>>> print(open('target.cif').read())   # mmCIF, C-alpha atoms
data_input
loop_
_atom_site.label_atom_id
_atom_site.label_comp_id
_atom_site.auth_asym_id
_atom_site.auth_seq_id
_atom_site.Cartn_x
_atom_site.Cartn_y
_atom_site.Cartn_z
CA MET A 16 0.00 0.00 0.00
CA THR A 17 1.21 3.49 -0.82
CA PRO A 18 1.53 6.24 1.84
CA GLU A 19 -1.56 7.89 0.32
CA GLN A 20 -3.58 4.68 0.68
CA ILE A 21 -2.41 4.18 4.25
CA LYS A 22 -3.36 7.76 5.12
CA LEU A 23 -6.84 7.22 3.68
CA LEU A 24 -7.29 3.99 5.65
CA GLN A 25 -6.15 5.65 8.87
CA LYS A 26 -8.72 8.40 8.26
CA GLN A 27 -11.31 5.61 8.08
CA GLN A 28 -10.07 4.28 11.47
CA TYR A 29 -8.08 1.35 10.11
CA GLU A 30 -4.78 0.47 11.75
CA VAL A 31 -2.36 -0.78 9.08
CA ILE A 32 -0.17 -3.51 10.56
CA GLY A 33 2.03 -4.54 7.64
CA GLU A 34 2.48 -4.34 3.90
CA HIS A 35 -1.02 -5.69 3.23
CA SER A 36 -2.65 -6.35 6.63
CA ALA A 37 -4.94 -4.20 8.77
CA VAL A 38 -7.23 -4.06 11.81
CA LYS A 39 -10.38 -2.05 12.46
CA ILE A 40 -12.59 -2.10 15.53
CA CYS A 41 -16.03 -3.48 14.75
CA THR A 42 -19.05 -1.39 15.70
CA TRP A 43 -20.33 -4.28 17.82
CA THR A 44 -17.05 -4.50 19.73
CA LYS A 45 -17.49 -0.85 20.67
CA LYS A 46 -21.14 -1.38 21.58
CA SER A 47 -20.34 -4.42 23.71
CA ILE A 48 -17.67 -2.54 25.67
CA ARG A 49 -20.34 0.10 26.42
CA ASP A 50 -22.99 -2.56 27.21
CA GLU A 51 -25.08 -1.36 24.26
CA GLY A 52 -25.59 -4.73 22.58
CA VAL A 53 -23.61 -7.52 20.92
CA CYS A 54 -22.95 -8.86 17.45
CA TYR A 55 -25.21 -11.55 16.06
CA LYS A 56 -22.18 -13.89 16.12
CA GLN A 57 -22.32 -13.77 19.91
CA GLN A 58 -26.01 -14.64 19.87
CA PHE A 59 -25.63 -17.35 17.22
CA TYR A 60 -22.27 -18.89 18.13
CA GLY A 61 -21.20 -17.59 21.53
CA ILE A 62 -18.44 -15.30 20.22
CA ASN A 63 -17.71 -12.56 22.78
CA SER A 64 -18.00 -9.32 20.80
CA HIS A 65 -15.68 -7.39 23.08
CA ARG A 66 -12.91 -9.96 22.59
CA CYS A 67 -13.17 -10.22 18.82
CA CYS A 68 -10.47 -8.78 16.56
CA GLN A 69 -11.74 -7.77 13.11
CA MET A 70 -8.77 -7.94 10.76
CA THR A 71 -7.43 -8.92 7.35
CA PRO A 72 -4.09 -10.29 6.16
CA ASN A 73 -4.82 -9.10 2.62
CA MET A 74 -6.45 -5.79 1.73
CA GLN A 75 -6.58 -6.76 -1.94
CA CYS A 76 -9.78 -8.18 -3.45
CA SER A 77 -10.54 -9.88 -6.77
CA ASN A 78 -14.23 -8.97 -6.81
CA ARG A 79 -16.05 -5.66 -7.20
CA CYS A 80 -19.35 -6.55 -5.51
CA ILE A 81 -21.94 -3.85 -6.09
CA TYR A 82 -23.08 -3.94 -2.45
CA CYS A 83 -19.60 -3.62 -0.92
CA TRP A 84 -19.27 -0.71 1.50
CA ARG A 85 -15.49 -0.53 1.06
CA ASP A 86 -13.59 1.85 -1.16
CA MET A 87 -12.54 -0.18 -4.23
CA ASP A 88 -10.35 2.45 -5.85
CA PHE A 89 -7.07 1.01 -4.61
CA ASN A 90 -7.55 -2.57 -3.43
CA LEU A 91 -8.39 -4.52 -6.59
CA GLY A 92 -6.09 -7.29 -7.79
CA THR A 93 -5.74 -11.02 -8.32
CA GLY A 94 -2.16 -11.64 -7.20
CA MET A 95 -1.14 -13.42 -3.98
CA ASN A 96 0.47 -11.49 -1.11
CA ASP A 97 2.94 -13.05 1.32
CA LYS A 98 5.21 -10.30 2.64
CA ASP A 99 3.66 -10.07 6.13
CA ASP A 100 4.77 -12.77 8.58
CA PRO A 101 1.91 -14.67 10.34
CA ASP A 102 3.34 -14.23 13.85
CA GLU A 103 3.90 -10.53 13.21
CA ILE A 104 0.33 -10.16 11.92
CA ILE A 105 -1.06 -11.69 15.12
CA ASN A 106 1.20 -9.74 17.47
CA ARG A 107 0.63 -6.44 15.71
CA ALA A 108 -3.12 -7.07 15.43
CA ILE A 109 -3.37 -7.44 19.20
CA LEU A 110 -1.35 -4.25 19.74
CA ALA A 111 -3.51 -2.43 17.20
CA GLN A 112 -6.67 -3.62 18.97
CA ARG A 113 -5.37 -2.24 22.26
CA LYS A 114 -4.46 1.07 20.65
CA LEU A 115 -7.80 1.49 18.92
CA ILE A 116 -9.85 0.84 22.08
CA SER A 117 -7.56 2.79 24.42
CA GLY A 118 -9.93 5.77 24.54
CA PHE A 119 -12.68 3.68 26.13
CA GLY A 120 -10.62 3.56 29.32
CA GLY A 121 -11.58 7.16 30.08
CA TYR A 122 -15.23 6.93 29.05
CA LYS A 123 -17.73 6.87 31.91
CA MET A 124 -20.13 4.47 30.15
CA THR A 125 -17.42 1.84 29.62
CA ASN A 126 -17.80 -1.58 31.21
CA MET A 127 -14.28 -1.67 32.66
CA LYS A 128 -14.24 -5.44 33.05
CA LYS A 129 -15.02 -5.90 29.38
CA TRP A 130 -12.55 -3.20 28.39
CA LYS A 131 -9.74 -4.92 30.26
CA GLU A 132 -10.65 -8.28 28.71
CA ALA A 133 -10.77 -6.66 25.27
CA GLN A 134 -7.05 -5.91 25.55
CA ASP A 135 -6.50 -9.59 24.77
CA PRO A 136 -8.76 -10.70 21.91
CA ILE A 137 -9.36 -14.42 21.54
CA HIS A 138 -11.55 -14.46 18.41
CA PHE A 139 -10.15 -13.38 15.05
CA ALA A 140 -12.70 -12.44 12.39
CA ILE A 141 -10.60 -12.59 9.23
CA SER A 142 -13.10 -10.67 7.15
CA LEU A 143 -12.38 -6.96 7.48
CA SER A 144 -11.61 -6.02 3.88
CA GLY A 145 -10.13 -7.62 0.79
CA GLU A 146 -9.94 -11.37 0.24
CA PRO A 147 -8.12 -13.35 2.99
CA THR A 148 -7.44 -16.38 0.79
CA GLY A 149 -5.35 -14.06 -1.39
CA TYR A 150 -2.79 -14.15 1.46
CA LYS A 151 -0.50 -17.02 0.52
CA ARG A 152 0.41 -17.82 4.14
CA LEU A 153 -3.18 -17.93 5.43
CA PRO A 154 -2.98 -21.67 6.34
CA GLU A 155 0.06 -20.91 8.49
CA LEU A 156 -1.66 -17.90 10.08
CA ILE A 157 -4.68 -19.98 11.08
CA LYS A 158 -2.53 -22.73 12.58
CA LYS A 159 -0.65 -20.16 14.64
CA LEU A 160 -3.91 -18.61 15.87
CA HIS A 161 -5.17 -22.01 16.98
CA LYS A 162 -1.86 -22.79 18.67
CA ARG A 163 -2.52 -19.75 20.87
CA ASN A 164 -6.05 -21.05 21.58
CA PHE A 165 -7.67 -18.33 19.47
CA SER A 166 -10.67 -19.07 17.27
CA SER A 167 -10.66 -18.05 13.61
CA PHE A 168 -13.53 -17.04 11.34
CA VAL A 169 -12.63 -16.77 7.65
CA VAL A 170 -14.97 -15.16 5.11
CA THR A 171 -14.13 -15.79 1.45
CA ASN A 172 -15.63 -14.91 -1.92
CA GLY A 173 -14.48 -18.27 -3.27
CA GLU A 174 -12.15 -17.03 -5.99
CA TYR A 175 -9.13 -18.98 -4.71
CA PRO A 176 -10.43 -22.58 -4.38
CA GLU A 177 -6.93 -24.07 -4.35
CA GLN A 178 -6.11 -21.95 -1.30
CA LEU A 179 -9.42 -22.81 0.32
CA GLU A 180 -8.40 -26.46 0.21
CA LYS A 181 -5.46 -25.67 2.49
CA VAL A 182 -7.21 -23.78 5.30
CA THR A 183 -9.12 -25.15 8.28
CA PRO A 184 -10.38 -22.26 10.41
CA THR A 185 -12.78 -22.60 13.33
CA GLN A 186 -15.57 -21.51 11.00
CA LEU A 187 -15.44 -21.04 7.25
CA TYR A 188 -17.85 -18.72 5.44
CA LEU A 189 -18.41 -18.61 1.70
CA SER A 190 -20.24 -15.56 0.36
CA VAL A 191 -23.08 -16.45 -2.00
CA ASP A 192 -24.72 -13.40 -3.54
CA SER A 193 -25.93 -14.73 -6.88
CA PRO A 194 -27.89 -17.87 -7.80
CA THR A 195 -26.70 -18.01 -11.44
CA LYS A 196 -23.60 -17.25 -13.50
CA GLU A 197 -25.32 -14.30 -15.16
CA ASP A 198 -26.20 -12.74 -11.79
CA PHE A 199 -22.74 -13.52 -10.44
CA MET A 200 -21.04 -11.62 -13.23
CA SER A 201 -23.25 -8.55 -12.74
CA ILE A 202 -23.37 -8.52 -8.92
CA ASP A 203 -19.97 -9.85 -7.80
CA ARG A 204 -18.15 -8.56 -10.89
CA PRO A 205 -15.01 -10.74 -10.57
CA LEU A 206 -11.66 -9.73 -12.03
CA PHE A 207 -11.01 -13.38 -12.88
CA LYS A 208 -12.52 -14.26 -16.26
CA ASP A 209 -13.32 -17.72 -14.89
CA GLY A 210 -14.72 -16.30 -11.65
CA TRP A 211 -17.93 -18.37 -11.71
CA LYS A 212 -15.98 -21.59 -12.29
CA ARG A 213 -13.71 -20.73 -9.35
CA PHE A 214 -16.72 -20.03 -7.15
CA LEU A 215 -18.34 -23.38 -8.00
CA GLU A 216 -15.06 -25.17 -7.22
CA SER A 217 -15.11 -23.45 -3.82
CA CYS A 218 -18.64 -24.77 -3.24
CA ASP A 219 -17.25 -28.26 -3.82
CA VAL A 220 -14.41 -27.60 -1.38
CA MET A 221 -16.91 -26.44 1.24
CA LYS A 222 -18.79 -29.73 0.99
CA HIS A 223 -15.87 -31.83 2.20
CA LYS A 224 -14.53 -29.12 4.54
CA ARG A 225 -17.57 -29.68 6.79
CA LYS A 226 -15.88 -32.88 8.00
CA LYS A 227 -13.10 -30.78 9.57
CA THR A 228 -14.70 -27.46 10.52
CA ARG A 229 -17.99 -25.58 10.78
CA THR A 230 -19.13 -24.26 7.42
CA ALA A 231 -21.58 -21.55 6.49
CA LEU A 232 -22.87 -19.89 3.35
CA ARG A 233 -23.58 -16.20 3.81
CA LEU A 234 -26.17 -14.62 1.53
CA THR A 235 -26.06 -10.82 1.43
CA LEU A 236 -29.54 -9.84 0.28
CA VAL A 237 -30.02 -6.76 -1.89
CA LYS A 238 -33.66 -5.85 -2.44
CA GLY A 239 -34.60 -5.69 -6.10
CA ILE A 240 -31.28 -7.27 -7.11
CA ASN A 241 -30.79 -10.79 -5.76
CA MET A 242 -33.82 -11.67 -3.61
CA ALA A 243 -35.34 -14.05 -6.13
CA ASN A 244 -34.85 -17.57 -7.49
CA PRO A 245 -34.69 -19.50 -4.20
CA GLU A 246 -34.39 -22.73 -6.20
CA GLY A 247 -31.25 -21.39 -7.83
CA TYR A 248 -29.76 -20.67 -4.42
CA ALA A 249 -30.92 -24.09 -3.20
CA GLU A 250 -28.95 -25.76 -5.97
CA LEU A 251 -25.77 -24.03 -4.80
CA ILE A 252 -26.58 -24.83 -1.17
CA ARG A 253 -26.99 -28.51 -1.98
CA ARG A 254 -23.67 -28.41 -3.81
CA ALA A 255 -21.78 -26.83 -0.88
CA LYS A 256 -23.86 -28.56 1.84
CA PRO A 257 -22.95 -26.15 4.66
CA LEU A 258 -23.97 -26.71 8.24
CA PHE A 259 -25.29 -23.15 8.50
CA LEU A 260 -26.83 -20.52 6.27
CA GLU A 261 -26.73 -16.85 7.22
CA LEU A 262 -29.06 -14.53 5.34
CA LYS A 263 -28.23 -10.90 6.01
CA ALA A 264 -29.57 -7.64 4.63
CA TYR A 265 -27.38 -5.38 2.55
CA MET A 266 -26.77 -2.18 4.51
CA TYR A 267 -26.82 1.20 2.80
CA VAL A 268 -23.47 2.46 4.05
CA GLY A 269 -20.02 3.48 2.80
CA SER A 270 -19.08 3.40 -0.86
CA SER A 271 -22.04 1.20 -1.76
CA ARG A 272 -24.19 4.34 -1.67
CA SER A 273 -22.63 5.41 -4.98
CA ARG A 274 -23.86 2.19 -6.64
CA LEU A 275 -27.18 1.45 -4.89
CA ASP A 276 -29.90 3.39 -3.13
CA ILE A 277 -31.59 3.05 0.24
CA GLY A 278 -34.48 1.18 -1.33
CA ASN A 279 -32.12 -1.74 -1.96
CA MET A 280 -31.75 -2.28 1.80
CA PRO A 281 -34.26 -4.95 2.91
CA LEU A 282 -36.22 -4.73 6.13
CA HIS A 283 -35.80 -7.59 8.57
CA SER A 284 -39.27 -8.79 7.58
CA ASP A 285 -38.05 -9.03 3.97
CA VAL A 286 -35.05 -11.07 5.10
CA ALA A 287 -37.22 -13.36 7.21
CA GLU A 288 -39.69 -13.93 4.36
CA PHE A 289 -36.96 -14.79 1.86
CA SER A 290 -35.23 -16.97 4.47
CA GLN A 291 -38.33 -19.12 4.69
CA LYS A 292 -38.34 -19.52 0.91
CA ILE A 293 -34.70 -20.61 1.01
CA ALA A 294 -35.41 -22.97 3.92
CA ASP A 295 -38.26 -24.62 2.04
CA ALA A 296 -36.28 -24.93 -1.19
CA ALA A 297 -33.04 -26.21 0.35
CA GLY A 298 -34.28 -28.34 3.25
CA TYR A 299 -33.01 -26.10 6.05
CA LYS A 300 -34.82 -24.59 9.01
CA ILE A 301 -34.66 -21.13 10.58
CA ILE A 302 -33.25 -21.52 14.09
CA ASP A 303 -32.43 -17.95 15.13
CA GLU A 304 -32.58 -14.30 14.08
CA LYS A 305 -31.32 -10.90 15.18
CA LYS A 306 -33.64 -8.15 14.07
CA GLU A 307 -31.21 -5.31 14.81
CA SER A 308 -28.73 -6.80 12.33
CA ARG A 309 -31.44 -7.93 9.88
CA VAL A 310 -30.03 -11.44 9.81
CA THR A 311 -31.35 -14.99 10.16
CA LEU A 312 -29.58 -18.25 10.90
CA LEU A 313 -30.60 -21.49 9.21
CA MET A 314 -29.39 -25.03 9.86
CA GLU A 315 -29.77 -28.30 8.04
CA ASP A 316 -33.21 -29.70 8.77
CA ASP A 317 -31.86 -33.17 9.53
CA PHE A 318 -28.91 -32.05 11.67
CA GLU A 319 -29.27 -33.77 15.03
CA GLY A 320 -26.45 -32.09 16.95
CA ARG A 321 -26.46 -28.81 18.81
CA ILE A 322 -24.78 -25.54 17.87
CA MET A 323 -21.24 -25.60 19.21
CA LYS A 324 -20.42 -22.59 21.35
CA PHE A 325 -17.02 -21.08 22.12
#
>>> encode(input="target.cif", output="structure tokens")
Amino acid sequence: MTPEQIKLLQKQQYEVIGEHSAVKICTWTKKSIRDEGVCYKQQFYGINSHRCCQMTPNMQCSNRCIYCWRDMDFNLGTGMNDKDDPDEIINRAILAQRKLISGFGGYKMTNMKKWKEAQDPIHFAISLSGEPTGYKRLPELIKKLHKRNFSSFVVTNGEYPEQLEKVTPTQLYLSVDSPTKEDFMSIDRPLFKDGWKRFLESCDVMKHKRKKTRTALRLTLVKGINMANPEGYAELIRRAKPLFLELKAYMYVGSSRSRLDIGNMPLHSDVAEFSQKIADAAGYKIIDEKKESRVTLLMEDDFEGRIMKF
């Protein structure tokens, strides 16, 4: 990243921790420290919001999704990055987390117990910006996180299936925003000419990854754009066979406002209605929801186990 890019990221409250890695405090981490609510991941999976580090080992992304809230002007690319050392990423991420939440120590509404615990994050959400599987040493990074007894959540757009084969995080998310190739090319807008083929290969990887880790497909729903064709989504779901489905509303924030309008942001009732259509088409059942985040959680209808908490 150039000095100009770093300056822009810092203005947006990112803490750059290497050549291509960064940390940013999640809104829900801030809210949790102030006892103003928690992320849906805490409700769904038991992740403590105040001890979660939102970070990325690779700011570069190979997709230009129309709903993305991030600034795409400088972070597009298909190459693999490997300059930042995994141990250094972890160490510097923790220091960055402490720096970014330091101001809460003097705020009267701060839950001081949570604030002190937040100095040492134990959950790493590798989903901040860019595409984490574009970091060549991601498998090593995840192993080192687990060696320290940290959990890891990786969110991928599925454009690096060969890299996906090599990673086994605590929970693996694959973003599914389009039920067909035509929709994929217009909504996700991949830089790879064979982007749809790569995505389908990642669905296949997800199917056998479920034997080693928890898997989830995340559908970001954009009203008037991709909230149709539940059977098309069901076909992809059957191909990937994830344990969980997360259906979440697109939020009208950031740079996405230059590509979409507020009418594209579904209400929670819209999300819930479409979730039921997906559940019926794919053989899943709705097991939880968080209205504030406009998100639902679905699980395989024949899954007999219980949700594993952290």
>>> closest_residue(input="target.cif", among="A:Leu23, A:Val169, A:Leu189, A:Leu234", to="Phe214 (chain A)", atoms="all atoms listed in the file")
A:Leu189
>>> atom_distance(input="target.cif", atom1="CA of Gln57 (chain A)", atom2="CA of Met266 (chain A)")
19.8 Å
>>> atom_distance(input="target.cif", atom1="CA of Thr17 (chain A)", atom2="CA of Lys39 (chain A)")
18.5 Å
>>> resolve_selection(input="target.cif", expression="the PyMOL selection byres ((chain A and resi 298-315) around 7)", output="ChimeraX atom specification")
/A:55,258-264,282-283,286-287,294-297,316-318
>>> atom_distance(input="target.cif", atom1="CA of Lys98 (chain A)", atom2="CA of Lys158 (chain A)")
17.7 Å
>>> closest_atom_pairs(input="target.cif", of="region 158-273 of chain A", to="region 100-107 of chain A", cutoff="12 Å", atoms="all atoms listed in the file", output="CSV")
residue,atom,partner,partner_atom,distance
A:Lys158,CA,A:Pro101,CA,9.5
A:Lys159,CA,A:Asp102,CA,7.2
A:Leu160,CA,A:Ile105,CA,7.5
A:His161,CA,A:Ile105,CA,11.3
A:Lys162,CA,A:Asp102,CA,11.1
A:Arg163,CA,A:Ile105,CA,10.0
A:Phe165,CA,A:Ile105,CA,10.3
A:Ser167,CA,A:Ile105,CA,11.6
>>> residues_around(input="target.cif", residues="Ser144 (chain A)", least_positions_apart="3", cutoff="8 Å", atoms="only C-alpha atoms", output="list in words")
Met70, Thr71, Asn73, Met74, Gln75, Cys76 and Arg85 of chain A
>>> residues_near_point(input="target.cif", point="(-34.9, -19.8, -2.7)", cutoff="10 Å", atoms="only C-alpha atoms", output="ChimeraX atom specification")
/A:194,242-250,252,289-297
>>> resolve_selection(input="target.cif", expression="the PyMOL selection byres ((chain A and resi 120) around 12)", output="PyMOL selection string")
chain A and resi 45+48-49+113-119+121-134
